[in-house]
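Student: Contents are PDB, C-alpha atoms, pLDDT in the B column; file name model_33.pdb:
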ATOM      1  CA  SER A  27       8.382  15.035  -0.205  1.00 44.00           C
ATOM      2  CA  SER A  28       7.272  14.293  -3.752  1.00 52.00           C
ATOM      3  CA  SER A  29       7.637  16.746  -6.597  1.00 58.00           C
ATOM      4  CA  SER A  30       3.901  16.521  -7.298  1.00 58.00           C
ATOM      5  CA  SER A  31       3.073  17.602  -3.738  1.00 60.00           C
ATOM      6  CA  LEU A  32       5.556  20.461  -4.000  1.00 64.00           C
ATOM      7  CA  SER A  33       4.002  21.651  -7.228  1.00 64.00           C
ATOM      8  CA  LYS A  34       0.405  21.383  -6.006  1.00 61.00           C
ATOM      9  CA  LEU A  35       1.190  23.196  -2.787  1.00 59.00           C
ATOM     10  CA  PHE A  36       3.136  26.166  -4.022  1.00 60.00           C
ATOM     11  CA  CYS A  37       1.340  26.815  -7.288  1.00 63.00           C
ATOM     12  CA  ARG A  38      -1.506  27.955  -5.012  1.00 56.00           C
ATOM     13  CA  VAL A  39       0.474  30.764  -3.407  1.00 56.00           C
ATOM     14  CA  PRO A  40      -0.739  34.078  -4.898  1.00 55.00           C
ATOM     15  CA  PRO A  41       1.862  36.474  -6.360  1.00 52.00           C
ATOM     16  CA  SER A  42       0.913  39.014  -3.702  1.00 52.00           C
ATOM     17  CA  GLU A  43       2.280  36.638  -1.052  1.00 52.00           C
ATOM     18  CA  CYS A  44       5.591  35.911  -2.728  1.00 50.00           C
ATOM     19  CA  PRO A  45       7.141  35.754  -6.219  1.00 48.00           C
ATOM     20  CA  PRO A  46       6.423  32.463  -8.020  1.00 47.00           C
ATOM     21  CA  LEU A  47       8.766  29.506  -8.056  1.00 48.00           C
ATOM     22  CA  SER A  48      11.349  29.365 -10.801  1.00 49.00           C
ATOM     23  CA  THR A  49      13.686  26.488 -11.544  1.00 48.00           C
ATOM     24  CA  THR A  50      17.321  27.443 -11.112  1.00 48.00           C
ATOM     25  CA  GLY A  51      20.587  25.594 -11.425  1.00 48.00           C
ATOM     26  CA  PRO A  52      20.731  22.166  -9.787  1.00 48.00           C
ATOM     27  CA  ILE A  53      22.416  21.357  -6.523  1.00 52.00           C
ATOM     28  CA  PHE A  54      24.850  18.480  -6.742  1.00 51.00           C
ATOM     29  CA  ALA A  55      25.111  15.722  -4.152  1.00 53.00           C
ATOM     30  CA  HIS A  56      28.314  13.755  -4.551  1.00 52.00           C
ATOM     31  CA  GLU A  57      27.864  10.020  -4.548  1.00 49.00           C
ATOM     32  CA  PRO A  58      31.036   8.412  -5.992  1.00 50.00           C
ATOM     33  CA  PRO A  59      31.329   7.440  -8.725  1.00 43.00           C
ATOM     34  CA  VAL A  60      28.042   9.115  -9.773  1.00 50.00           C
ATOM     35  CA  LEU A  61      27.103  12.768  -9.400  1.00 55.00           C
ATOM     36  CA  MET A  62      23.442  13.107  -8.405  1.00 65.00           C
ATOM     37  CA  VAL A  63      21.365  16.201  -9.147  1.00 70.00           C
ATOM     38  CA  LEU A  64      18.766  17.514  -6.691  1.00 74.00           C
ATOM     39  CA  PRO A  65      16.133  19.867  -8.198  1.00 76.00           C
ATOM     40  CA  ARG A  66      16.180  23.357  -6.705  1.00 77.00           C
ATOM     41  CA  TYR A  67      13.481  26.035  -6.975  1.00 75.00           C
ATOM     42  CA  GLN A  68      14.316  29.655  -6.274  1.00 75.00           C
ATOM     43  CA  VAL A  69      11.715  32.054  -4.916  1.00 73.00           C
ATOM     44  CA  GLY A  70      12.330  35.703  -5.723  1.00 69.00           C
ATOM     45  CA  LYS A  71      15.443  37.101  -7.348  1.00 68.00           C
ATOM     46  CA  LYS A  72      18.645  38.907  -6.408  1.00 64.00           C
ATOM     47  CA  PRO A  73      18.786  37.744  -3.679  1.00 68.00           C
ATOM     48  CA  PRO A  74      16.134  34.997  -3.538  1.00 66.00           C
ATOM     49  CA  VAL A  75      13.614  35.023  -0.703  1.00 71.00           C
ATOM     50  CA  LEU A  76      14.442  31.362  -0.258  1.00 79.00           C
ATOM     51  CA  SER A  77      15.367  28.250  -2.227  1.00 81.00           C
ATOM     52  CA  LEU A  78      13.478  24.952  -2.066  1.00 83.00           C
ATOM     53  CA  VAL A  79      15.241  21.659  -2.758  1.00 84.00           C
ATOM     54  CA  ASP A  80      13.218  18.599  -3.717  1.00 82.00           C
ATOM     55  CA  MET A  81      14.336  15.252  -2.295  1.00 81.00           C
ATOM     56  CA  PRO A  82      13.867  12.760  -5.164  1.00 75.00           C
ATOM     57  CA  GLY A  83      12.879   9.204  -4.357  1.00 70.00           C
ATOM     58  CA  TYR A  84      11.539   9.929  -0.865  1.00 70.00           C
ATOM     59  CA  GLY A  85       8.157   8.302  -0.259  1.00 64.00           C
ATOM     60  CA  HIS A  86       6.456   6.676  -3.238  1.00 63.00           C
ATOM     61  CA  ALA A  87       8.758   6.643  -6.263  1.00 64.00           C
ATOM     62  CA  VAL A  88       8.288   4.886  -9.608  1.00 70.00           C
ATOM     63  CA  ALA A  89      11.869   3.756 -10.153  1.00 74.00           C
ATOM     64  CA  SER A  90      14.127   0.749  -9.822  1.00 82.00           C
ATOM     65  CA  ASP A  91      15.384  -0.299  -6.399  1.00 83.00           C
ATOM     66  CA  ARG A  92      18.903   0.705  -7.436  1.00 84.00           C
ATOM     67  CA  GLN A  93      17.778   4.189  -8.464  1.00 81.00           C
ATOM     68  CA  VAL A  94      15.868   4.681  -5.217  1.00 80.00           C
ATOM     69  CA  GLU A  95      18.975   3.577  -3.291  1.00 83.00           C
ATOM     70  CA  ARG A  96      21.116   6.086  -5.189  1.00 82.00           C
ATOM     71  CA  TRP A  97      18.606   8.840  -4.456  1.00 81.00           C
ATOM     72  CA  ALA A  98      18.597   7.904  -0.770  1.00 82.00           C
ATOM     73  CA  LYS A  99      22.395   8.161  -0.606  1.00 83.00           C
ATOM     74  CA  ALA A 100      22.349  11.531  -2.387  1.00 83.00           C
ATOM     75  CA  ASN A 101      19.642  12.851  -0.039  1.00 85.00           C
ATOM     76  CA  THR A 102      21.557  11.666   3.018  1.00 87.00           C
ATOM     77  CA  HIS A 103      24.724  13.333   1.771  1.00 85.00           C
ATOM     78  CA  TYR A 104      22.911  16.597   1.057  1.00 86.00           C
ATOM     79  CA  LEU A 105      21.195  16.748   4.447  1.00 89.00           C
ATOM     80  CA  SER A 106      24.470  15.932   6.207  1.00 87.00           C
ATOM     81  CA  GLU A 107      26.724  18.339   4.311  1.00 84.00           C
ATOM     82  CA  ARG A 108      24.461  21.289   3.435  1.00 83.00           C
ATOM     83  CA  HIS A 109      25.275  23.305   6.532  1.00 78.00           C
ATOM     84  CA  VAL A 110      23.345  26.393   5.413  1.00 79.00           C
ATOM     85  CA  LEU A 111      20.088  24.432   5.286  1.00 86.00           C
ATOM     86  CA  ALA A 112      17.539  26.398   7.332  1.00 87.00           C
ATOM     87  CA  ARG A 113      14.805  23.772   7.629  1.00 92.00           C
ATOM     88  CA  CYS A 114      13.818  20.337   6.335  1.00 93.00           C
ATOM     89  CA  CYS A 115      10.059  19.812   5.877  1.00 93.00           C
ATOM     90  CA  VAL A 116       8.869  16.214   6.071  1.00 93.00           C
ATOM     91  CA  LEU A 117       5.560  15.909   4.223  1.00 91.00           C
ATOM     92  CA  VAL A 118       3.342  13.112   5.538  1.00 92.00           C
ATOM     93  CA  ASP A 119       0.032  11.926   4.059  1.00 92.00           C
ATOM     94  CA  ALA A 120      -2.589  12.660   6.739  1.00 94.00           C
ATOM     95  CA  GLY A 121      -4.638   9.658   5.681  1.00 92.00           C
ATOM     96  CA  ARG A 122      -1.684   7.324   6.119  1.00 91.00           C
ATOM     97  CA  GLY A 123       0.221   8.795   9.013  1.00 91.00           C
ATOM     98  CA  MET A 124       3.915   8.338   9.655  1.00 92.00           C
ATOM     99  CA  CYS A 125       5.624   5.269   8.249  1.00 89.00           C
ATOM    100  CA  GLY A 126       8.980   3.698   9.036  1.00 89.00           C
ATOM    101  CA  GLU A 127      10.726   5.781   6.393  1.00 87.00           C
ATOM    102  CA  ASP A 128       9.417   8.994   8.004  1.00 91.00           C
ATOM    103  CA  ARG A 129      10.616   7.895  11.444  1.00 92.00           C
ATOM    104  CA  ASP A 130      14.051   7.030  10.080  1.00 90.00           C
ATOM    105  CA  LEU A 131      14.343  10.469   8.488  1.00 91.00           C
ATOM    106  CA  LEU A 132      13.179  12.232  11.661  1.00 92.00           C
ATOM    107  CA  ARG A 133      15.782  10.368  13.703  1.00 91.00           C
ATOM    108  CA  PHE A 134      18.470  11.248  11.153  1.00 91.00           C
ATOM    109  CA  LEU A 135      17.549  14.941  11.384  1.00 91.00           C
ATOM    110  CA  HIS A 136      17.309  14.759  15.181  1.00 90.00           C
ATOM    111  CA  GLU A 137      20.794  13.258  15.527  1.00 88.00           C
ATOM    112  CA  ARG A 138      22.329  15.863  13.229  1.00 87.00           C
ATOM    113  CA  ARG A 139      20.369  18.725  14.788  1.00 87.00           C
ATOM    114  CA  VAL A 140      18.949  19.868  11.467  1.00 89.00           C
ATOM    115  CA  GLN A 141      15.870  22.029  12.066  1.00 90.00           C
ATOM    116  CA  HIS A 142      12.876  20.093  10.752  1.00 92.00           C
ATOM    117  CA  GLN A 143       9.098  20.220  10.677  1.00 94.00           C
ATOM    118  CA  LEU A 144       6.493  17.556  10.026  1.00 95.00           C
ATOM    119  CA  VAL A 145       3.719  18.701   7.654  1.00 94.00           C
ATOM    120  CA  LEU A 146       0.464  16.800   7.118  1.00 95.00           C
ATOM    121  CA  THR A 147      -0.768  16.817   3.512  1.00 91.00           C
ATOM    122  CA  LYS A 148      -4.122  15.866   1.915  1.00 91.00           C
ATOM    123  CA  GLY A 149      -5.973  17.273   4.907  1.00 92.00           C
ATOM    124  CA  ASP A 150      -9.075  17.764   2.743  1.00 93.00           C
ATOM    125  CA  LEU A 151      -9.607  13.987   2.491  1.00 94.00           C
ATOM    126  CA  LEU A 152     -10.368  13.651   6.210  1.00 95.00           C
ATOM    127  CA  SER A 153     -13.370  14.801   8.209  1.00 96.00           C
ATOM    128  CA  PRO A 154     -12.715  17.396  10.937  1.00 95.00           C
ATOM    129  CA  GLU A 155     -12.950  14.657  13.562  1.00 96.00           C
ATOM    130  CA  GLN A 156     -10.559  12.367  11.665  1.00 96.00           C
ATOM    131  CA  LEU A 157      -8.123  15.226  11.099  1.00 96.00           C
ATOM    132  CA  ALA A 158      -8.137  16.204  14.781  1.00 96.00           C
ATOM    133  CA  ARG A 159      -7.447  12.588  15.719  1.00 96.00           C
ATOM    134  CA  CYS A 160      -4.658  12.394  13.129  1.00 96.00           C
ATOM    135  CA  ILE A 161      -2.958  15.510  14.544  1.00 96.00           C
ATOM    136  CA  ALA A 162      -3.271  14.187  18.109  1.00 96.00           C
ATOM    137  CA  LEU A 163      -1.836  10.790  17.151  1.00 95.00           C
ATOM    138  CA  THR A 164       1.000  12.441  15.232  1.00 95.00           C
ATOM    139  CA  ARG A 165       1.917  14.544  18.276  1.00 94.00           C
ATOM    140  CA  GLN A 166       1.843  11.431  20.460  1.00 94.00           C
ATOM    141  CA  ASP A 167       4.021   9.600  17.957  1.00 93.00           C
ATOM    142  CA  LEU A 168       6.562  12.444  17.936  1.00 92.00           C
ATOM    143  CA  MET A 169       6.624  12.520  21.763  1.00 90.00           C
ATOM    144  CA  ALA A 170       7.185   8.753  21.876  1.00 90.00           C
ATOM    145  CA  LEU A 171      10.030   9.040  19.379  1.00 89.00           C
ATOM    146  CA  SER A 172      11.608  11.880  21.384  1.00 85.00           C
ATOM    147  CA  ALA A 173      11.465   9.777  24.541  1.00 84.00           C
ATOM    148  CA  ARG A 174      13.072   6.845  22.730  1.00 86.00           C
ATOM    149  CA  TRP A 175      15.803   9.144  21.432  1.00 82.00           C
ATOM    150  CA  LYS A 176      16.531  10.423  24.956  1.00 75.00           C
ATOM    151  CA  GLY A 177      14.844  13.773  25.120  1.00 67.00           C
ATOM    152  CA  PRO A 178      13.006  16.177  22.800  1.00 62.00           C
ATOM    153  CA  SER A 179      14.901  17.628  19.884  1.00 66.00           C
ATOM    154  CA  SER A 180      15.425  21.381  19.972  1.00 73.00           C
ATOM    155  CA  ALA A 181      15.670  21.135  16.171  1.00 86.00           C
ATOM    156  CA  LEU A 182      12.044  19.985  15.825  1.00 90.00           C
ATOM    157  CA  VAL A 183       9.507  22.702  15.031  1.00 91.00           C
ATOM    158  CA  PRO A 184       6.583  21.792  17.331  1.00 91.00           C
ATOM    159  CA  HIS A 185       3.796  23.206  15.151  1.00 93.00           C
ATOM    160  CA  ILE A 186       2.325  20.670  12.689  1.00 95.00           C
ATOM    161  CA  PRO A 187       0.792  22.438   9.670  1.00 95.00           C
ATOM    162  CA  VAL A 188      -2.050  20.763   7.768  1.00 95.00           C
ATOM    163  CA  VAL A 189      -2.253  21.581   4.067  1.00 92.00           C
ATOM    164  CA  SER A 190      -4.147  20.528   0.971  1.00 90.00           C
ATOM    165  CA  GLY A 191      -2.755  20.849  -2.512  1.00 83.00           C
ATOM    166  CA  HIS A 192      -6.251  20.168  -3.875  1.00 84.00           C
ATOM    167  CA  THR A 193      -8.204  22.885  -2.047  1.00 87.00           C
ATOM    168  CA  GLY A 194      -5.323  25.146  -1.034  1.00 85.00           C
ATOM    169  CA  ALA A 195      -6.312  24.992   2.641  1.00 89.00           C
ATOM    170  CA  GLY A 196      -3.439  25.910   4.942  1.00 90.00           C
ATOM    171  CA  VAL A 197      -1.010  26.546   2.089  1.00 87.00           C
ATOM    172  CA  GLN A 198      -0.656  30.321   2.404  1.00 85.00           C
ATOM    173  CA  LYS A 199      -0.062  30.141   6.173  1.00 89.00           C
ATOM    174  CA  PHE A 200       2.530  27.392   5.709  1.00 89.00           C
ATOM    175  CA  TRP A 201       4.152  29.360   2.907  1.00 85.00           C
ATOM    176  CA  ARG A 202       4.448  32.479   5.054  1.00 85.00           C
ATOM    177  CA  SER A 203       6.068  30.408   7.823  1.00 89.00           C
ATOM    178  CA  LEU A 204       8.756  29.240   5.385  1.00 87.00           C
ATOM    179  CA  VAL A 205       9.452  32.773   4.173  1.00 83.00           C
ATOM    180  CA  LYS A 206       9.666  33.911   7.819  1.00 85.00           C
ATOM    181  CA  CYS A 207      12.023  31.038   8.628  1.00 86.00           C
ATOM    182  CA  ALA A 208      14.338  32.151   5.829  1.00 82.00           C
ATOM    183  CA  ALA A 209      14.138  35.792   6.918  1.00 80.00           C
ATOM    184  CA  ASP A 210      14.852  34.929  10.571  1.00 81.00           C
ATOM    185  CA  CYS A 211      17.834  32.754   9.735  1.00 76.00           C
ATOM    186  CA  SER A 212      21.356  34.028   9.201  1.00 68.00           C
ATOM    187  CA  VAL A 213      24.522  32.083   8.477  1.00 61.00           C
ATOM    188  CA  GLN A 214      27.521  32.306  10.788  1.00 61.00           C
ATOM    189  CA  ASP A 215      30.638  30.276  10.038  1.00 53.00           C
ATOM    190  CA  GLY A 216      28.672  28.277   7.492  1.00 53.00           C
ATOM    191  CA  VAL A 217      26.000  27.264  10.010  1.00 57.00           C
ATOM    192  CA  PRO A 218      22.382  28.555  10.021  1.00 59.00           C
ATOM    193  CA  VAL A 219      21.522  30.536  13.145  1.00 60.00           C
ATOM    194  CA  HIS A 220      17.842  31.114  13.819  1.00 55.00           C
ATOM    195  CA  LEU A 221      17.429  34.620  15.177  1.00 46.00           C
ATOM    196  CA  ARG A 222      14.130  33.918  16.909  1.00 42.00           C
ATOM    197  CA  SER A 223      12.877  30.946  18.851  1.00 41.00           C
ATOM    198  CA  VAL A 224      11.515  28.007  16.869  1.00 46.00           C
ATOM    199  CA  LYS A 225       7.710  27.992  16.674  1.00 46.00           C
TER     200      LYS A 225
END
Once more with this new file: its structure as structure tokens, please.
Tutor:
Amino acid sequence: SSSSSLSKLFCRVPPSECPPLSTTGPIFAHEPPVLMVLPRYQVGKKPPVLSLVDMPGYGHAVASDRQVERWAKANTHYLSERHVLARCCVLVDAGRGMCGEDRDLLRFLHERRVQHQLVLTKGDLLSPEQLARCIALTRQDLMALSARWKGPSSALVPHIPVVSGHTGAGVQKFWRSLVKCAADCSVQDGVPVHLRSVK
């Protein structure tokens, strides 16, 4: 999701949980005749605990239509060709719910069997009752999409975390799940293999 959400979320993780984020060299996504750069953040050093890659232009982006289109092509190329990718997290505003762009991305990940997880953000802006309804509707929406796509995706992580970059609620638990995902994933023949069942 957006760089601002990424920053707000992970700046709240205490050093005792994991080393802080540090910007490392960019990852390149080839889009002839232009070479796009995707920001990468490394957690820990030698070797890193994990690396996070920001998808520019996804969701609300202040940029020209042409720039957004270029970003979309670069993101699609990265998600298709980055075979060592352990998980793609799709951050969705809890107050808005899933939009067409989110559904398109989920179908793309489903068809390519890229492990992915939907994460609800801005959970602090909803009352407990509204948040419970939002989670229930999101689950129903995912089930409806799975049925339309002919069966549930084994690449979808069923748990839907709820986080708040403003209050920090849910962030540490979500963070630990990402670190665990990286630790439980090995690479065989250039393809990530999750050592334990997806939860």
Student: Quick one: pull the distance between atom CA of A:Val94 and atom CA of A:Val145, Å, one decimal.
Tutor: 22.6 Å
Student: Using all atoms listed in the file, give me every residue within 12 Å of (-5.1, 12.9, 15.5) in file coordinates, as a ChimeraX atom specification.
Tutor: /A:120-124,146,149,152-168,186,188
Student: Next, write the just-selected residues to a file, as a CSV table (one decimal), in the coordinates of the input, keeping C-alpha atoms as the atom set.
Tutor:
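Saved as result_9.csv:
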chain,number,residue,atom,x,y,z
A,120,ALA,CA,-2.6,12.7,6.7
A,121,GLY,CA,-4.6,9.7,5.7
A,122,ARG,CA,-1.7,7.3,6.1
A,123,GLY,CA,0.2,8.8,9.0
A,124,MET,CA,3.9,8.3,9.7
A,146,LEU,CA,0.5,16.8,7.1
A,149,GLY,CA,-6.0,17.3,4.9
A,152,LEU,CA,-10.4,13.7,6.2
A,153,SER,CA,-13.4,14.8,8.2
A,154,PRO,CA,-12.7,17.4,10.9
A,155,GLU,CA,-13.0,14.7,13.6
A,156,GLN,CA,-10.6,12.4,11.7
A,157,LEU,CA,-8.1,15.2,11.1
A,158,ALA,CA,-8.1,16.2,14.8
A,159,ARG,CA,-7.4,12.6,15.7
A,160,CYS,CA,-4.7,12.4,13.1
A,161,ILE,CA,-3.0,15.5,14.5
A,162,ALA,CA,-3.3,14.2,18.1
A,163,LEU,CA,-1.8,10.8,17.2
A,164,THR,CA,1.0,12.4,15.2
A,165,ARG,CA,1.9,14.5,18.3
A,166,GLN,CA,1.8,11.4,20.5
A,167,ASP,CA,4.0,9.6,18.0
A,168,LEU,CA,6.6,12.4,17.9
A,186,ILE,CA,2.3,20.7,12.7
A,188,VAL,CA,-2.0,20.8,7.8
Student: Which one is closest to A:Asp150: A:Ser190, A:Leu132, A:His185, A:Val116? Count all atoms listed in the file.
Tutor: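 The shortest atom-to-atom distance to A:Asp150 comes from A:Ser190.
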Student: Take the point (17.4, 32.5, 4.2) as written in the file and pick out every residue within 8 Å of it, counting all atoms listed in the file; give the list as a PDB file with C-alpha atoms, keeping the file's coordinate frame.
Tutor:
ATOM      1  CA  VAL A  75      13.614  35.023  -0.703  1.00 71.00           C
ATOM      2  CA  LEU A  76      14.442  31.362  -0.258  1.00 79.00           C
ATOM      3  CA  SER A  77      15.367  28.250  -2.227  1.00 81.00           C
ATOM      4  CA  ALA A 112      17.539  26.398   7.332  1.00 87.00           C
ATOM      5  CA  VAL A 205       9.452  32.773   4.173  1.00 83.00           C
ATOM      6  CA  CYS A 207      12.023  31.038   8.628  1.00 86.00           C
ATOM      7  CA  ALA A 208      14.338  32.151   5.829  1.00 82.00           C
ATOM      8  CA  ALA A 209      14.138  35.792   6.918  1.00 80.00           C
ATOM      9  CA  ASP A 210      14.852  34.929  10.571  1.00 81.00           C
ATOM     10  CA  CYS A 211      17.834  32.754   9.735  1.00 76.00           C
ATOM     11  CA  SER A 212      21.356  34.028   9.201  1.00 68.00           C
TER      12      SER A 212
END
Student: For A:Tyr104, which residue among A:Arg174, A:Gly191, A:Lys199, A:Leu64 is the nearest when counting all atoms listed in the file?
Tutor: A:Leu64
Student: To one decimal place in Å, what is the distance between atom CA of A:Arg92 and atom CA of A:Leu135?
Tutor: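 Atom CA of A:Leu135 lies 23.6 Å from atom CA of A:Arg92.
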Student: Just give me the gap between atom CA of A:Trp97 and atom CA of A:Asp128 in Å, one decimal is fine.
Tutor: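 Computing it gives 15.5 Å between the two atoms.
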Student: What lies within 12 Å of A:Ser172 using only C-alpha atoms, ignoring chain neighbours under 4 positions off, as a list of chain:residue names?
Tutor: A:Arg129, A:Leu132, A:Arg133, A:His136, A:Glu137, A:Arg165, A:Gln166, A:Asp167, A:Leu168, A:Lys176, A:Gly177, A:Pro178, A:Ser179, A:Ser180, A:Ala181, A:Leu182, A:Pro184
